[in-house]
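Q: One structure, as structure tokens, below. Some questions next.
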Protein chains: 4
Amino acid sequence: MLNVAVIGLGRLGRWHVMNLQKIKYINIITVCDYSLEVARAVATESGIPHFTNNVDEIMNNEQVQAVVIVTSTNSHYEIILKAIAAKKAIFVEKPLTIDMKESLLINKEIEKSGVFCQVGFMRRFDHDYVEAKRMIEEGAIGKPLYFKGISRDPVAPDLSYIPHSGGLYIDLCIHDYDLARFLMGTEVQAVSAFGCNIKYPEFAQYGDIDQGFTHLQFVSGAAGDIEGSRCAYYGYDIRTEIIGSEGTLLIGSTKKSNVNILTKQGNMHEIIPAFPQRFETAYVNELSAFAEAVMNGALSPVTVEDSIKALQIAYTATASFKEQGKIMTIGH
Amino acid sequence: MLNVAVIGLGRLGRWHVMNLQKIKYINIITVCDYSLEVARAVATESGIPHFTNNVDEIMNNEQVQAVVIVTSTNSHYEIILKAIAAKKAIFVEKPLTIDMKESLLINKEIEKSGVFCQVGFMRRFDHDYVEAKRMIEEGAIGKPLYFKGISRDPVAPDLSYIPHSGGLYIDLCIHDYDLARFLMGTEVQAVSAFGCNIKYPEFAQYGDIDQGFTHLQFVSGAAGDIEGSRCAYYGYDIRTEIIGSEGTLLIGSTKKSNVNILTKQGNMHEIIPAFPQRFETAYVNELSAFAEAVMNGALSPVTVEDSIKALQIAYTATASFKEQGKIMTIGH
Amino acid sequence: MLNVAVIGLGRLGRWHVMNLQKIKYINIITVCDYSLEVARAVATESGIPHFTNNVDEIMNNEQVQAVVIVTSTNSHYEIILKAIAAKKAIFVEKPLTIDMKESLLINKEIEKSGVFCQVGFMRRFDHDYVEAKRMIEEGAIGKPLYFKGISRDPVAPDLSYIPHSGGLYIDLCIHDYDLARFLMGTEVQAVSAFGCNIKYPEFAQYGDIDQGFTHLQFVSGAAGDIEGSRCAYYGYDIRTEIIGSEGTLLIGSTKKSNVNILTKQGNMHEIIPAFPQRFETAYVNELSAFAEAVMNGALSPVTVEDSIKALQIAYTATASFKEQGKIMTIGH
Amino acid sequence: MLNVAVIGLGRLGRWHVMNLQKIKYINIITVCDYSLEVARAVATESGIPHFTNNVDEIMNNEQVQAVVIVTSTNSHYEIILKAIAAKKAIFVEKPLTIDMKESLLINKEIEKSGVFCQVGFMRRFDHDYVEAKRMIEEGAIGKPLYFKGISRDPVAPDLSYIPHSGGLYIDLCIHDYDLARFLMGTEVQAVSAFGCNIKYPEFAQYGDIDQGFTHLQFVSGAAGDIEGSRCAYYGYDIRTEIIGSEGTLLIGSTKKSNVNILTKQGNMHEIIPAFPQRFETAYVNELSAFAEAVMNGALSPVTVEDSIKALQIAYTATASFKEQGKIMTIGH
């Protein structure tokens with residue numbers, strides 16, 4: 001059994017608590033939120049024996065073997081450093097940080113300390129992407145030549161979220177940058193990015209966009225394009241494609257269920273409304289993989305370095321966007 | 001060039017005229033309808049040099065090499081016999097007749113005279129069924145073991161049509177009986193049939209039903225089931241399935257076009273509304289095959305015997321239905 | 001928390017153990033198998049504090065509030081009666097029994113004692129069927145007029161299983177009989193059944209078939225047809241259709257994942273291989289629903305009566321099959 | 001009836017001859033090819049009364065009302081000017097020319113003379129795009145916000161074709177530029193383009209690529225992205241998407257037929273191999289629309305101006321590609 005503390009009990013934090021309780025070798029022994037009331041409520045309703053609003057109490061608790069950090073992004077840096085100092089295994093929600101310097105410092109500390117740290121790129125644990133990865137590694141499509149990613153949210157976040165989000169490339173497209181590295185098996189070496197405000201003109205005041213596009217060049221000679229959108233009125237739509245020298249993979253579906261209704265209007269199925277429905281199982285799987293890796297002393301399946309690589313692409317895309325799509329290279 | 005006369009200029013007759021004009025080696029030299037006005041109108045608007053309301057005039061016209069008979073079913077028998085006597089190649093809309101004795105007499109005359117006669121089971125000329133037939137013959141699914149047919153009309157014909165239609169098995173299911181023989185490559189040896197009135201109770205007064213079901217046993221040991229329905233509120237829905245020892249074929253689609261619309265309600269495509277849209281190309285192809293076979297002196301691709309075999313199954317199904325689904329065998 | 005004992009630790013029993021451990025308010029306190037070795041192994045690997053090979057020990061254990069019975073079908077009757085006597089809430093794998101008299105006696109005891117009993121028709125807890133049921137209840141398709149069920153297994157069970165299976169209608173088609181009642185919202189009043197041996201001629205020696213067909217008439221005037229097959233070489237294929245007066249539902253998919261591979265051969269997706277993959281979540285959901293209902297004192301979501309109704313249809317189908325498809329009515 | 005001459009009898013020219021003969025109010029009275037042998041052969045096998053290898057003979061033939069020009073692109077300019085001088089209605093295969101100056105001169109002459117001229121952007125006549133256009137105009141998706149185009153060829157043309165093709169943007173992507181204007185109902189005002197050689201490195205010697213990407217900005221504020229590829233090993237794959245403010249359209253399918261084969265490997269359908277299969281009907285429809293428009297004195301459904309607008313986008317994309325994706329604007 002792995003004794004776990006969950007830090008941060010917002011919507012996603014409570015979701016992680018629920019998922020951790022489905023994994024038989026995980027034992028949540030304490031939860032933490034800056035609001036003691038929230039921490040108490042979650043502990044009570046979930047049958048967790050302890051709660052606190054003091055992160056240091058978690059770090060000093062010798063029974064806690066691992067921490068799951070789901071606080072707001074700007075507090076990740078500080079809490080992670082504390083967890084490293086306390087030698088707790090770390091699961092941290094994506095993004096690690098949106099500040100590249102902080103990310104690099106964390107990486108240094110992780111390398112020095114040998115502490116386990118996994119970043120929450122949950123798509124890698126989605127059944128469909130796991131299958132796709134397996135097929136590519138088995139050579140089913142030959143050599144990967146082109147990556148095509150579409151990530152569309154049904155609505156944009158509140159305007160208040162925008163100034164601190166890092167912008168579309170860092171907040172949304174980063175999932176596709178990570179998938180691109182994961183599935184193509186090569187690094188991105190150059191990026192161009194474009195974007196515009198087709199549905200939310202009000203984002204422009206913060207330099208942000210609602211529809212963004214990134215063109216990728218990979219070290220291997222492969223290329224790719226990624227569309228990130230806040231404008232998919234109809235639902236949550238995530239599609240990925242890998243063109244290979246001998247075949248192509250199409251990953252994804254908009255189907256909420258395998259029920260089609262046929263009426264005079266047509267043949268219809270409902271569409272997945274948002275990310276929790278699409279990646280429901282992936283969220284459980286990433287935590288299960290976390291527990292297994294920690295308990296077996298295995299390497300982290302999504303490292304701090306993975307997180308940094310994706311952030312680099314997102315930073316470079318943001319910079320390219322600001323210079324009208326200028327091609328910008330990424331050093332490795 | 002093949003000189004053709006079209007006899008019968010109702011909706012389907014005019015449709016055949018239009019289709020014949022798309023085939024480059026066919027020349028419609030005259031049209032015939034019991035209404036001279038209709039015949040004149042069709043000839044005028046289609047640029048056909050001659051018209052008549054007299055079938056005998058057609059038969060005596062030495063330039064006419066082939067007749068396309070699209071009159072009401074009850075007049076087929078007489079016109080076909082005249083065409084045989086006049087040595088015209090014959091294309092006759094399905095069903096040949098709904099009277100088994102007439103069908104057998106026609107068959108006798110055809111055999112005696114050697115006149116070419118093709119019956120309008122157009123599904124055999126549909127692209128999808130042609131592909132399916134090819135795949136089966138290439139061994140793609142091994143030995144065919146089970147036939148599953150669904151044929152659903154969006155609405156029933158007018159009540160006035162029902163008493164003379166022959167009933168659901170003869171009027172509607174006969175297409176699937178023909179497909180079953182065509183695709184399974186074996187004869188039907190026993191039949192059970194059931195039916196009911198789920199949407200049109202008024203058909204019961206004529207002993208007819210709106211939802212029918214046939215269970216088939218084939219000489220090869222294979223089996224099958226066929227659903228015929230007048231109750232598909234949503235559109236025209238034709239699906240066929242062949243389970244084989246090493247694979248299965250699924251044939252058909254409800255898609256009116258390859259356009260999907262995604263809205264808050266869901267992901268939708270329009271449904272094929274009725275048979276002319278579903279079998280648009282098949283109707284051209286069967287006439288093109290007719291012309292080619294006649295001109296090349298080839299055998300008829302859909303013989304009078306094929307028509308009789310399908311009618312036998314339909315008759316037996318009708319009889320089985322009247323005896324509460326009793327299994328009835330068919331002699332060969 | 002609900003304290004549960006699992007009785008029977010074959011493949012499905014161990015699967016239930018695993019699923020029960022994913023449900024946070026369930027506590028497995030003991031497991032039982034006729035092999036003490038097996039019971040010990042499961043308890044050890046699953047962290048369960050107690051095990052036994054003695055059913056009576058379970059029944060006498062006052063801490064056990066509920067039993068999950070996954071033994072071979074022929075032992076259900078005896079164990080259920082013991083559980084009723086011991087006032088344990090009961091979850092019993094389907095079929096309740098394949099002996100109608102035993103089923104009726106169990107029902108009597110359940111009614112007398114008021115003990116909670118849920119039968120494992122897991123399809124009712126599958127996401128797709130839950131959605132379909134909701135849509136029907138919301139009136140999305142008007143009045144249900146026709147039920148169409150297809151259940152195809154990729155291979156037949158071993159020949160040794162056949163003599164004690166009850167035959168195809170009772171062993172396989174019973175799932176569709178239950179779905180038909182569940183989704184149509186009306187009882188079956190008459191049945192005809194046909195069948196044959198298209199792939200496993202050796203089943204005939206036990207009077208069993210590998211391809212069966214049932215035609216259903218419902219009290220409401222609706223009708224239906226059900227195909228049960230052991231011959232789907234390609235995978236596990238479960239499809240259900242409800243034709244309504246204003247729309248139709250198509251439920252099911254053969255997709256193992258939402259990954260399509262496009263090569264020179266074509267556009268392909270892998271097919272669900274067998275029932276555990278298809279109904280993975282449904283198996284968890286039914287146990288979760290069981291625990292919730294027991295803890296809340298709610299009614300059983302799948303009653304002994306439901307089980308008896310489905311068994312009646314299966315019995316009647318078997319009888320009809322033996323009399324060449326004779327229509328047989330079911331009293332209610 | 002419209003009397004037509006076909007000029008240029010290569011593969012596509014002979015295809016047009018065949019299609020023209022399916023249209024009842026078209027009469028091909030002569031054909032022309034620089035090889036008299038080819039012209040003779042086509043006339044003979046297609047039953048066309050006259051042939052020549054002299055374009056001027058066609059232009060001087062007073063019976064010829066319309067010319068269908070299917071010669072190699074570099075001869076279009078000269079033949080079109082002759083046809084304008086001879087007052088023949090013109091159908092010219094795409095591209096009009098790949099030289100912008102020639103295109104503009106043709107446009108001037110067309111405007112001056114009032115001669116009818118239609119350019120062969122056949123996708124506009126494809127059933128699916130016609131339906132999509134209708135839906136957009138009916139307001140089904142609200143205001144069009146984003147255009148996404150994918151055009152993938154299964155293989156690249158021979159290396160010998162590349163130097164004179166104009167390059168990927170002009171030769172291949174131009175179809176999507178035309179679709180973008182057609183479906184979005186607004187002009188493109190700025191373009192960025194990227195490309196690379198992922199499968200055909202040998203194209204680089206001519207400055208050409210096998211995988212190209214264009215980012216579009218529309219006058220309306222909408223945006224878009226277009227992928228053009230020579231690398232779709234698996235088949236011919238054309239997909240188009242229009243995201244609107246209230247819905248999205250997905251247009252296209254890779255299905256060669258509506259036959260799926262299910263085997264142990266999976267559920268598969270064959271893929272459309274190349275453009276003639278995908279746009280078979282569109283090629284007939286565009287000629288039918290041509291004849292109708294000419295005979296009715298209607299405006300051309302695809303004008304020289306349409307051709308110029310698409311060519312402008314393609315030119316600008318080519319220029320942007322050469323300057324590393326610099327955003328370049330288009331004047332209107």
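Residues are named by chain letter and number: chains run A, B, ... in the order of the structure tokens, numbers start at 1 in each chain, and ligands are numbered from 1 in the order shown.
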Distance cut-off 7 Å, counting only C-alpha atoms - which residues of chain D neighbour chain A? Return them as a PDB file with N, CA and C atoms, in the first residue's frame.
A:
ATOM      1  N   LEU D 145     -16.662  30.343 -39.053  1.00  0.00           N
ATOM      2  CA  LEU D 145     -15.555  30.930 -38.302  1.00  0.00           C
ATOM      3  C   LEU D 145     -14.196  30.335 -38.677  1.00  0.00           C
ATOM      4  N   ILE D 198       8.797  15.008 -46.811  1.00  0.00           N
ATOM      5  CA  ILE D 198       8.873  13.897 -45.862  1.00  0.00           C
ATOM      6  C   ILE D 198       8.929  12.549 -46.568  1.00  0.00           C
ATOM      7  N   GLY D 221     -12.778  37.939 -40.817  1.00  0.00           N
ATOM      8  CA  GLY D 221     -12.243  37.693 -39.478  1.00  0.00           C
ATOM      9  C   GLY D 221     -12.082  36.215 -39.189  1.00  0.00           C
ATOM     10  N   ALA D 222     -12.657  35.379 -40.047  1.00  0.00           N
ATOM     11  CA  ALA D 222     -12.487  33.933 -39.899  1.00  0.00           C
ATOM     12  C   ALA D 222     -11.047  33.542 -40.218  1.00  0.00           C
ATOM     13  N   TYR D 233      -0.094   7.172 -48.210  1.00  0.00           N
ATOM     14  CA  TYR D 233       0.154   5.802 -48.651  1.00  0.00           C
ATOM     15  C   TYR D 233      -1.131   4.974 -48.801  1.00  0.00           C
ATOM     16  N   TYR D 234      -2.115   5.274 -47.974  1.00  0.00           N
ATOM     17  CA  TYR D 234      -3.312   4.426 -47.852  1.00  0.00           C
ATOM     18  C   TYR D 234      -4.388   4.710 -48.888  1.00  0.00           C
ATOM     19  N   SER D 245     -20.394  29.410 -35.783  1.00  0.00           N
ATOM     20  CA  SER D 245     -20.689  29.905 -34.436  1.00  0.00           C
ATOM     21  C   SER D 245     -21.709  29.014 -33.726  1.00  0.00           C
ATOM     22  N   GLU D 246     -22.489  28.226 -34.482  1.00  0.00           N
ATOM     23  CA  GLU D 246     -23.512  27.405 -33.845  1.00  0.00           C
ATOM     24  C   GLU D 246     -23.494  25.941 -34.279  1.00  0.00           C
ATOM     25  N   GLY D 247     -22.443  25.584 -34.997  1.00  0.00           N
ATOM     26  CA  GLY D 247     -22.357  24.192 -35.421  1.00  0.00           C
ATOM     27  C   GLY D 247     -21.167  24.035 -36.343  1.00  0.00           C
ATOM     28  N   GLN D 324      10.009  31.475 -45.487  1.00  0.00           N
ATOM     29  CA  GLN D 324       9.860  30.843 -44.165  1.00  0.00           C
ATOM     30  C   GLN D 324       8.545  31.195 -43.465  1.00  0.00           C
ATOM     31  N   GLY D 325       7.467  31.159 -44.215  1.00  0.00           N
ATOM     32  CA  GLY D 325       6.164  31.285 -43.584  1.00  0.00           C
ATOM     33  C   GLY D 325       5.746  32.698 -43.231  1.00  0.00           C
ATOM     34  N   LYS D 326       6.426  33.677 -43.798  1.00  0.00           N
ATOM     35  CA  LYS D 326       6.054  35.076 -43.537  1.00  0.00           C
ATOM     36  C   LYS D 326       4.584  35.308 -43.921  1.00  0.00           C
ATOM     37  N   ILE D 327       3.843  35.996 -43.084  1.00  0.00           N
ATOM     38  CA  ILE D 327       2.448  36.312 -43.406  1.00  0.00           C
ATOM     39  C   ILE D 327       2.428  37.294 -44.570  1.00  0.00           C
TER      40      ILE D 327
END
Q: Pull the helix (DSSP H, G or I) assignments for range 158-254 of chain B out of DSSP run on the backbone, and list those residues as a list in words.
A: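 Those residues are Leu159, Ser160, Tyr161, Ile162, Pro163, His164, Leu168, Tyr169, Ile170, Asp171, Leu172, Cys173, Ile174, His175, Asp176, Tyr177, Asp178, Leu179, Ala180, Arg181, Phe182, Leu183, Met184, Pro201, Glu202, Phe203, Ala204, Gln205 and Tyr206 of chain B.
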Q: Can you list every residue of range 178-201 of chain C that has an atom at most 10 Å from range 115-137 of chain C, with its nearest atom pair and the distance in Å to one decimal, using only C-alpha atoms, ordered by chain then number, as CSV?
A:
residue,atom,partner,partner_atom,distance
C:Asp178,CA,C:Phe121,CA,7.6
C:Leu179,CA,C:Arg124,CA,7.2
C:Phe182,CA,C:Arg124,CA,7.8
C:Leu183,CA,C:Lys133,CA,5.9
C:Met184,CA,C:Ile136,CA,8.5
C:Gly185,CA,C:Glu137,CA,9.2
Q: Just to be explicit: take each residue in the selection above, keep C-alpha atoms, and write the result as a short mmCIF file (atom, residue, chain, number, x, y, z; two decimals), in the first residue's frame.
A:
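Written output follows (out.cif):
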data_model
loop_
_atom_site.label_atom_id
_atom_site.label_comp_id
_atom_site.auth_asym_id
_atom_site.auth_seq_id
_atom_site.Cartn_x
_atom_site.Cartn_y
_atom_site.Cartn_z
CA ASP C 178 -33.96 -9.34 -20.41
CA LEU C 179 -32.95 -6.30 -22.51
CA PHE C 182 -36.09 -3.64 -19.91
CA LEU C 183 -36.10 -1.41 -22.99
CA MET C 184 -39.55 -2.07 -24.46
CA GLY C 185 -41.31 -1.59 -21.14
#
Q: So that I can check the secondary structure, give me every residue of range 5-230 of chain B assigned strand (DSSP E or B) by backbone DSSP, as a ChimeraX atom specification.
A: /B:5-7,26-32,51-52,66-69,89-92,117-119,144-152,188-196,211-218,223-229
Q: Restricting the calculation to only C-alpha atoms, which member of B:Ser300, B:Gly139, B:Phe275, B:Ala156 is positioned closest to Leu249 in chain B?
A: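 Closest to Leu249 in chain B of all the choices is B:Gly139.
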